[in-house]
Amino acid sequence: MSHDESERYRAGQTALLAAVTEAEPLVEHWRRRFDASASAGIPAHVTVLFPFLDIDLISTAVISDLRTLIGEHSPFTVQFDECRRFPDVLYLAPTPDQPLRALTETIAARWPEAPPYGGQFAEVIPHLTVAHGQQSHVFDEVEAELAKRLPATATISSVSLFVSDGESWRHHGEFPMLG
């Protein structure tokens, strides 16, 4: 989720995620070992917006706006055909990534007080984190194993709201794409 997952999540923090169920068999083993968010209850996903509004700010009006905004987008298919890296992250890159960028832009424009990753990065690059905070030889090994099993195809048809209690994350709501 964040690029520095070693930090503890705050209770009440929320995230909007596009779960990628089809990728679970491919990445589950590696995420359990090398991505802290997996053991905290987060499925394989591409982040749409993190952090989103704290849970105590998520009113019925916010839920209604999310349902409307996300509902205007159409479901789409992405292919994961290669691993890429950020300095501290090994991830699968979705192609095309434009529909994911569009979701992030739509929601961030509606809630400018919740910029992606707290405004840390000039460009938000859609990605499915597989491993985080490992030495490059570990990334090399994971990448070599994953490369044998790519490409993987997934259909993104909804965005999920997850909420943290400070230790783990739970699914709090689902917003289907209907466009």
# chains A, B, ... in the order shown; residues from 1 in each chain; ligands from 1

$ closest_atom_pairs --of "stretch 23-92 of chain A" --to "stretch 133-142 of chain A" --cutoff "7 Å" --atoms "only C-alpha atoms" --output "CSV"
residue,atom,partner,partner_atom,distance
A:Asp88,CA,A:Gly133,CA,5.1
A:Val89,CA,A:Gly133,CA,6.4
A:Leu90,CA,A:Phe139,CA,6.3

$ select_by_dssp --residues "chain A" --states "strand (DSSP E or B)" --output "number ranges by chain"
A: 14-19, 45-49, 76-86, 89-95, 128-132, 152-156, 158-164, 169-176

$ write_last_selection --atoms "C-alpha atoms" --output "PDB file, in the first residue's frame"
ATOM      1  CA  THR A  14      -8.683   3.705   5.132  1.00  0.00           C
ATOM      2  CA  ALA A  15      -7.656   2.603   1.652  1.00  0.00           C
ATOM      3  CA  LEU A  16      -9.485   2.254  -1.654  1.00  0.00           C
ATOM      4  CA  LEU A  17      -8.173  -0.820  -3.442  1.00  0.00           C
ATOM      5  CA  ALA A  18      -8.878  -2.686  -6.660  1.00  0.00           C
ATOM      6  CA  ALA A  19      -8.603  -6.299  -5.512  1.00  0.00           C
ATOM      7  CA  HIS A  45      -4.513  -5.422  -5.195  1.00  0.00           C
ATOM      8  CA  VAL A  46      -3.706  -2.265  -7.065  1.00  0.00           C
ATOM      9  CA  THR A  47      -4.104   0.765  -4.798  1.00  0.00           C
ATOM     10  CA  VAL A  48      -6.637   3.289  -6.074  1.00  0.00           C
ATOM     11  CA  LEU A  49      -6.212   5.767  -3.202  1.00  0.00           C
ATOM     12  CA  PHE A  76     -11.850  -3.426 -17.571  1.00  0.00           C
ATOM     13  CA  THR A  77      -9.308  -6.165 -18.119  1.00  0.00           C
ATOM     14  CA  VAL A  78      -5.632  -5.761 -17.331  1.00  0.00           C
ATOM     15  CA  GLN A  79      -2.691  -7.973 -18.063  1.00  0.00           C
ATOM     16  CA  PHE A  80       0.325  -8.353 -15.806  1.00  0.00           C
ATOM     17  CA  ASP A  81       3.154  -9.360 -18.097  1.00  0.00           C
ATOM     18  CA  GLU A  82       6.228  -8.121 -16.248  1.00  0.00           C
ATOM     19  CA  CYS A  83       7.743  -7.300 -12.899  1.00  0.00           C
ATOM     20  CA  ARG A  84       9.091  -3.824 -12.261  1.00  0.00           C
ATOM     21  CA  ARG A  85      10.678  -2.112  -9.282  1.00  0.00           C
ATOM     22  CA  PHE A  86      10.558   0.983  -7.173  1.00  0.00           C
ATOM     23  CA  VAL A  89       9.346  -2.588  -3.977  1.00  0.00           C
ATOM     24  CA  LEU A  90       8.990  -5.414  -6.501  1.00  0.00           C
ATOM     25  CA  TYR A  91       5.647  -5.213  -8.293  1.00  0.00           C
ATOM     26  CA  LEU A  92       3.596  -6.473 -11.202  1.00  0.00           C
ATOM     27  CA  ALA A  93       2.781  -3.747 -13.703  1.00  0.00           C
ATOM     28  CA  PRO A  94      -0.806  -3.680 -15.041  1.00  0.00           C
ATOM     29  CA  THR A  95      -1.374  -3.030 -18.746  1.00  0.00           C
ATOM     30  CA  LEU A 128       0.514  -4.725  -7.563  1.00  0.00           C
ATOM     31  CA  THR A 129       3.114  -5.050  -4.796  1.00  0.00           C
ATOM     32  CA  VAL A 130       4.628  -8.515  -4.511  1.00  0.00           C
ATOM     33  CA  ALA A 131       7.595  -7.868  -2.201  1.00  0.00           C
ATOM     34  CA  HIS A 132       8.696  -4.918  -0.134  1.00  0.00           C
ATOM     35  CA  ALA A 152      -1.684 -13.091 -15.795  1.00  0.00           C
ATOM     36  CA  THR A 153      -4.969 -11.492 -16.779  1.00  0.00           C
ATOM     37  CA  ALA A 154      -7.511  -9.949 -14.410  1.00  0.00           C
ATOM     38  CA  THR A 155     -10.810  -8.128 -14.661  1.00  0.00           C
ATOM     39  CA  ILE A 156     -11.243  -5.107 -12.424  1.00  0.00           C
ATOM     40  CA  SER A 158     -15.106  -2.861  -8.373  1.00  0.00           C
ATOM     41  CA  VAL A 159     -13.169  -0.868  -5.795  1.00  0.00           C
ATOM     42  CA  SER A 160     -13.054  -1.996  -2.161  1.00  0.00           C
ATOM     43  CA  LEU A 161     -12.859   0.179   0.944  1.00  0.00           C
ATOM     44  CA  PHE A 162     -10.604  -1.267   3.643  1.00  0.00           C
ATOM     45  CA  VAL A 163     -10.196   0.122   7.169  1.00  0.00           C
ATOM     46  CA  SER A 164      -7.340  -0.401   9.632  1.00  0.00           C
ATOM     47  CA  TRP A 169      -7.259  -4.357   7.801  1.00  0.00           C
ATOM     48  CA  ARG A 170     -10.830  -5.398   7.145  1.00  0.00           C
ATOM     49  CA  HIS A 171     -13.098  -5.070   4.153  1.00  0.00           C
ATOM     50  CA  HIS A 172     -15.595  -2.274   4.842  1.00  0.00           C
ATOM     51  CA  GLY A 173     -17.414  -1.799   1.530  1.00  0.00           C
ATOM     52  CA  GLU A 174     -17.534  -2.566  -2.169  1.00  0.00           C
ATOM     53  CA  PHE A 175     -18.246  -0.145  -5.021  1.00  0.00           C
ATOM     54  CA  PRO A 176     -19.060  -1.766  -8.368  1.00  0.00           C
TER      55      PRO A 176
END

$ residues_around --residues "A:Ala102" --least-positions-apart "6" --cutoff "12 Å" --atoms "only C-alpha atoms" --output "ChimeraX atom specification"
/A:48-49,69-70,72-74,76,96,108-109,124-126

$ write_last_selection --atoms "N, CA, C and O atoms" --output "mmCIF file, in the first residue's frame"
data_model
loop_
_atom_site.group_PDB
_atom_site.id
_atom_site.type_symbol
_atom_site.label_atom_id
_atom_site.label_comp_id
_atom_site.auth_asym_id
_atom_site.auth_seq_id
_atom_site.Cartn_x
_atom_site.Cartn_y
_atom_site.Cartn_z
ATOM 1 N N VAL A 48 -5.974 2.190 -5.382
ATOM 2 C CA VAL A 48 -6.637 3.289 -6.074
ATOM 3 C C VAL A 48 -6.358 4.594 -5.329
ATOM 4 O O VAL A 48 -5.965 5.587 -5.929
ATOM 5 N N LEU A 49 -6.538 4.581 -3.993
ATOM 6 C CA LEU A 49 -6.212 5.767 -3.202
ATOM 7 C C LEU A 49 -5.890 5.363 -1.771
ATOM 8 O O LEU A 49 -6.700 4.731 -1.092
ATOM 9 N N LEU A 69 -19.247 7.932 -8.224
ATOM 10 C CA LEU A 69 -18.016 8.168 -8.997
ATOM 11 C C LEU A 69 -17.441 6.876 -9.565
ATOM 12 O O LEU A 69 -17.054 6.817 -10.735
ATOM 13 N N ILE A 70 -17.369 5.840 -8.732
ATOM 14 C CA ILE A 70 -16.804 4.570 -9.193
ATOM 15 C C ILE A 70 -17.763 3.909 -10.182
ATOM 16 O O ILE A 70 -17.337 3.313 -11.171
ATOM 17 N N GLU A 72 -19.484 5.243 -12.381
ATOM 18 C CA GLU A 72 -19.391 5.840 -13.722
ATOM 19 C C GLU A 72 -18.286 5.216 -14.560
ATOM 20 O O GLU A 72 -18.224 5.421 -15.763
ATOM 21 N N HIS A 73 -17.390 4.481 -13.924
ATOM 22 C CA HIS A 73 -16.304 3.809 -14.649
ATOM 23 C C HIS A 73 -16.787 2.433 -15.100
ATOM 24 O O HIS A 73 -17.635 1.823 -14.470
ATOM 25 N N SER A 74 -16.216 1.953 -16.206
ATOM 26 C CA SER A 74 -16.572 0.630 -16.722
ATOM 27 C C SER A 74 -15.569 -0.404 -16.236
ATOM 28 O O SER A 74 -14.372 -0.098 -16.111
ATOM 29 N N PHE A 76 -12.877 -3.299 -16.535
ATOM 30 C CA PHE A 76 -11.850 -3.426 -17.571
ATOM 31 C C PHE A 76 -10.937 -4.597 -17.242
ATOM 32 O O PHE A 76 -10.885 -5.078 -16.113
ATOM 33 N N PRO A 96 -3.537 -2.300 -19.670
ATOM 34 C CA PRO A 96 -3.219 -0.874 -19.598
ATOM 35 C C PRO A 96 -3.355 -0.375 -18.159
ATOM 36 O O PRO A 96 -4.095 -0.963 -17.374
ATOM 37 N N ALA A 108 -9.406 11.390 -6.260
ATOM 38 C CA ALA A 108 -8.546 12.414 -5.665
ATOM 39 C C ALA A 108 -9.046 13.821 -5.998
ATOM 40 O O ALA A 108 -8.907 14.745 -5.193
ATOM 41 N N ALA A 109 -9.654 13.988 -7.172
ATOM 42 C CA ALA A 109 -10.197 15.303 -7.545
ATOM 43 C C ALA A 109 -11.403 15.650 -6.665
ATOM 44 O O ALA A 109 -11.610 16.808 -6.304
ATOM 45 N N VAL A 124 1.593 8.970 -9.714
ATOM 46 C CA VAL A 124 1.146 7.728 -9.103
ATOM 47 C C VAL A 124 1.192 6.645 -10.168
ATOM 48 O O VAL A 124 0.580 6.778 -11.227
ATOM 49 N N ILE A 125 1.952 5.597 -9.902
ATOM 50 C CA ILE A 125 2.137 4.518 -10.868
ATOM 51 C C ILE A 125 1.363 3.299 -10.369
ATOM 52 O O ILE A 125 1.712 2.727 -9.326
ATOM 53 N N PRO A 126 0.290 2.908 -11.079
ATOM 54 C CA PRO A 126 -0.460 1.726 -10.642
ATOM 55 C C PRO A 126 0.442 0.500 -10.593
ATOM 56 O O PRO A 126 1.237 0.263 -11.505
#

$ atom_distance --atom1 "atom CA of A:Gly119" --atom2 "atom CA of A:Glu105"
12.6 Å

$ closest_residue --among "A:Leu146, A:Ala61, A:Leu100, A:Met177" --to "A:His29" --atoms "only C-alpha atoms"
A:Leu146

$ select_by_dssp --residues "stretch 2-178 of chain A" --states "helix (DSSP H, G or I)" --output "NGL selection string"
:A and (21-34 or 36-39 or 55-57 or 60-71 or 98-110 or 116-119 or 136-147)

$ residues_around --residues "A:Asp165" --least-positions-apart "3" --cutoff "9 Å" --atoms "only C-alpha atoms" --output "MDAnalysis selection string"
chainID A and resid 9:13 168:170

$ atom_distance --atom1 "atom CA of A:Asp54" --atom2 "atom CA of A:Arg101"
22.0 Å
